[in-house]
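Text of structure_22.cif (mmCIF, C-alpha atoms, pLDDT in the B column; chains and numbers go by the auth columns) as supplied:
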```
data_query
#
loop_
_atom_site.group_PDB
_atom_site.id
_atom_site.type_symbol
_atom_site.label_atom_id
_atom_site.label_comp_id
_atom_site.label_asym_id
_atom_site.label_seq_id
_atom_site.Cartn_x
_atom_site.Cartn_y
_atom_site.Cartn_z
_atom_site.B_iso_or_equiv
_atom_site.auth_seq_id
_atom_site.auth_asym_id
ATOM 1 C CA MET A 1 -34.502 -52.079 -42.319 43.00 24 A
ATOM 2 C CA VAL A 2 -36.147 -49.985 -39.643 54.00 25 A
ATOM 3 C CA SER A 3 -39.876 -50.134 -40.307 57.00 26 A
ATOM 4 C CA ASN A 4 -41.048 -46.799 -38.909 70.00 27 A
ATOM 5 C CA ILE A 5 -38.278 -44.627 -40.387 81.00 28 A
ATOM 6 C CA ASP A 6 -38.694 -43.409 -43.953 83.00 29 A
ATOM 7 C CA THR A 7 -36.756 -45.686 -46.316 87.00 30 A
ATOM 8 C CA THR A 8 -35.205 -42.684 -48.082 89.00 31 A
ATOM 9 C CA GLU A 9 -33.843 -41.397 -44.769 90.00 32 A
ATOM 10 C CA VAL A 10 -32.416 -44.823 -43.900 91.00 33 A
ATOM 11 C CA HIS A 11 -30.818 -45.022 -47.356 93.00 34 A
ATOM 12 C CA ASP A 12 -29.273 -41.545 -46.938 94.00 35 A
ATOM 13 C CA PHE A 13 -27.960 -42.527 -43.502 95.00 36 A
ATOM 14 C CA GLU A 14 -26.393 -45.728 -44.855 95.00 37 A
ATOM 15 C CA GLN A 15 -24.786 -43.812 -47.742 96.00 38 A
ATOM 16 C CA TYR A 16 -23.248 -41.359 -45.279 95.00 39 A
ATOM 17 C CA ILE A 17 -21.968 -44.208 -43.096 95.00 40 A
ATOM 18 C CA ARG A 18 -20.387 -46.057 -46.031 95.00 41 A
ATOM 19 C CA ALA A 19 -18.846 -42.845 -47.422 95.00 42 A
ATOM 20 C CA HIS A 20 -16.997 -42.486 -44.109 92.00 43 A
ATOM 21 C CA ASP A 21 -15.683 -46.081 -44.141 92.00 44 A
ATOM 22 C CA LEU A 22 -18.119 -47.280 -41.495 93.00 45 A
ATOM 23 C CA LYS A 23 -20.679 -50.078 -41.546 94.00 46 A
ATOM 24 C CA PRO A 24 -24.421 -49.654 -41.026 93.00 47 A
ATOM 25 C CA ASP A 25 -24.250 -52.581 -38.583 95.00 48 A
ATOM 26 C CA ASP A 26 -22.046 -50.412 -36.321 95.00 49 A
ATOM 27 C CA PHE A 27 -25.171 -48.360 -35.540 96.00 50 A
ATOM 28 C CA ALA A 28 -28.652 -49.019 -34.209 95.00 51 A
ATOM 29 C CA LEU A 29 -31.578 -46.911 -35.431 94.00 52 A
ATOM 30 C CA VAL A 30 -34.829 -46.640 -33.501 92.00 53 A
ATOM 31 C CA GLY A 31 -37.724 -44.562 -34.766 89.00 54 A
ATOM 32 C CA VAL A 32 -40.684 -43.456 -32.669 83.00 55 A
ATOM 33 C CA GLU A 33 -43.719 -41.635 -34.064 75.00 56 A
ATOM 34 C CA GLU A 34 -44.988 -38.700 -32.067 69.00 57 A
ATOM 35 C CA PRO A 35 -48.764 -38.454 -31.612 65.00 58 A
ATOM 36 C CA LEU A 36 -50.616 -36.144 -33.958 62.00 59 A
ATOM 37 C CA PRO A 37 -52.613 -33.270 -32.481 63.00 60 A
ATOM 38 C CA VAL A 38 -56.274 -34.273 -32.223 62.00 61 A
ATOM 39 C CA ASP A 39 -57.750 -30.917 -33.176 63.00 62 A
ATOM 40 C CA ARG A 40 -55.848 -30.165 -36.380 63.00 63 A
ATOM 41 C CA ILE A 41 -54.328 -31.666 -39.489 61.00 64 A
ATOM 42 C CA ALA A 42 -50.571 -32.063 -39.252 58.00 65 A
ATOM 43 C CA SER A 43 -47.790 -34.026 -40.873 59.00 66 A
ATOM 44 C CA ILE A 44 -46.529 -37.094 -39.076 62.00 67 A
ATOM 45 C CA ARG A 45 -43.522 -36.278 -36.908 70.00 68 A
ATOM 46 C CA SER A 46 -41.193 -38.713 -35.293 84.00 69 A
ATOM 47 C CA LYS A 47 -37.831 -39.049 -33.627 90.00 70 A
ATOM 48 C CA VAL A 48 -34.922 -41.197 -34.677 93.00 71 A
ATOM 49 C CA THR A 49 -32.381 -42.319 -32.117 94.00 72 A
ATOM 50 C CA VAL A 50 -28.982 -43.310 -33.504 96.00 73 A
ATOM 51 C CA THR A 51 -26.725 -45.393 -31.268 95.00 74 A
ATOM 52 C CA TYR A 52 -23.081 -46.007 -32.111 95.00 75 A
ATOM 53 C CA LYS A 53 -22.575 -49.527 -30.814 95.00 76 A
ATOM 54 C CA ALA A 54 -18.816 -49.159 -30.269 93.00 77 A
ATOM 55 C CA THR A 55 -19.304 -46.471 -27.604 93.00 78 A
ATOM 56 C CA GLY A 56 -22.947 -46.915 -26.645 93.00 79 A
ATOM 57 C CA VAL A 57 -23.534 -43.200 -27.290 94.00 80 A
ATOM 58 C CA SER A 58 -27.036 -42.332 -28.506 94.00 81 A
ATOM 59 C CA ARG A 59 -28.307 -39.122 -30.085 95.00 82 A
ATOM 60 C CA ALA A 60 -31.943 -38.327 -30.890 94.00 83 A
ATOM 61 C CA TYR A 61 -33.108 -36.324 -33.898 94.00 84 A
ATOM 62 C CA ALA A 62 -36.439 -35.018 -35.134 89.00 85 A
ATOM 63 C CA SER A 63 -37.478 -36.801 -38.323 87.00 86 A
ATOM 64 C CA GLY A 64 -40.274 -36.607 -40.820 78.00 87 A
ATOM 65 C CA TYR A 65 -41.466 -33.908 -43.191 75.00 88 A
ATOM 66 C CA GLY A 66 -39.235 -30.828 -43.253 77.00 89 A
ATOM 67 C CA THR A 67 -36.366 -32.342 -41.274 82.00 90 A
ATOM 68 C CA ASN A 68 -32.964 -33.716 -42.212 90.00 91 A
ATOM 69 C CA TRP A 69 -31.666 -35.748 -39.306 93.00 92 A
ATOM 70 C CA VAL A 70 -28.989 -37.353 -41.476 94.00 93 A
ATOM 71 C CA VAL A 71 -27.288 -33.955 -41.906 95.00 94 A
ATOM 72 C CA ALA A 72 -27.544 -33.317 -38.151 95.00 95 A
ATOM 73 C CA PHE A 73 -26.063 -36.777 -37.506 96.00 96 A
ATOM 74 C CA GLY A 74 -23.200 -36.052 -39.935 95.00 97 A
ATOM 75 C CA ASP A 75 -22.413 -32.765 -38.194 95.00 98 A
ATOM 76 C CA GLU A 76 -22.298 -34.483 -34.826 95.00 99 A
ATOM 77 C CA TRP A 77 -20.280 -37.415 -36.155 94.00 100 A
ATOM 78 C CA ARG A 78 -17.638 -35.072 -37.586 93.00 101 A
ATOM 79 C CA THR A 79 -17.367 -33.163 -34.306 92.00 102 A
ATOM 80 C CA GLY A 80 -16.907 -36.311 -32.218 91.00 103 A
ATOM 81 C CA ARG A 81 -20.280 -36.304 -30.452 92.00 104 A
ATOM 82 C CA PHE A 82 -20.424 -40.104 -30.635 92.00 105 A
ATOM 83 C CA SER A 83 -17.207 -40.431 -28.657 88.00 106 A
ATOM 84 C CA SER A 84 -17.923 -41.848 -25.199 75.00 107 A
ATOM 85 C CA GLU A 85 -15.914 -39.018 -23.590 62.00 108 A
ATOM 86 C CA LEU A 86 -17.962 -36.228 -25.195 54.00 109 A
ATOM 87 C CA SER A 87 -21.509 -37.528 -25.061 51.00 110 A
ATOM 88 C CA PRO A 88 -22.381 -40.158 -22.466 47.00 111 A
ATOM 89 C CA THR A 89 -26.162 -39.688 -22.695 48.00 112 A
ATOM 90 C CA ILE A 90 -28.927 -39.225 -25.223 48.00 113 A
ATOM 91 C CA ALA A 91 -29.288 -35.673 -26.446 48.00 114 A
ATOM 92 C CA ASN A 92 -32.197 -34.255 -28.412 49.00 115 A
ATOM 93 C CA THR A 93 -31.641 -32.025 -31.409 47.00 116 A
#
```
Entire entry expressed as structure tokens:
Amino acid sequence: MVSNIDTTEVHDFEQYIRAHDLKPDDFALVGVEEPLPVDRIASIRSKVTVTYKATGVSRAYASGYGTNWVVAFGDEWRTGRFSSELSPTIANT
């Protein structure tokens, strides 16, 4: 379990992975919280980086309230963005 990523989001990600005959262990998830603005109240925002271990390709997604990085991941997975030929570096969405 990744401690700084919402457990519901991790669960949704793992469901997507299993539904596509993959294993959660084939991926690494890293979550990083972004600092909150000092002068106003705001929801906590963070980024999740998903790395497909087989290719080493990483993609970063906004996470937190009002986001759905699992859907963005699924779109990129289906279009081959985790193939080493298509995406050799981290990209932010």
Item to check | Length of the CA of Ser86 in chain A to CA of His34 in chain A vector [Å] | outcome: 13.9 Å
Item to check | Explicit residues for the PyMOL selection byres ((chain A and resi 48) around 12) (as a VMD selection string) | outcome: chain A and resid 24 36 to 37 40 to 41 45 to 47 49 to 52 73 to 77
Item to check | Separation of CA of Ser107 in chain A from CA of Thr31 in chain A in Å | outcome: 28.7 Å
Next on the checklist: With distances taken over all atoms listed in the file, which residue among A:Ser69, A:Thr102, A:Asn27, A:Gln38 lies nearest Gly87 in chain A?
Outcome noted: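 The closest residue to Gly87 in chain A is A:Ser69.
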Next on the checklist: Measuring between only C-alpha atoms, which one of A:Gly79, A:Phe105, A:Tyr39, A:Asp29 shows the shortest distance to Val93 in chain A?
Outcome noted: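 Among the listed residues, the smallest separation from Val93 in chain A belongs to A:Tyr39.
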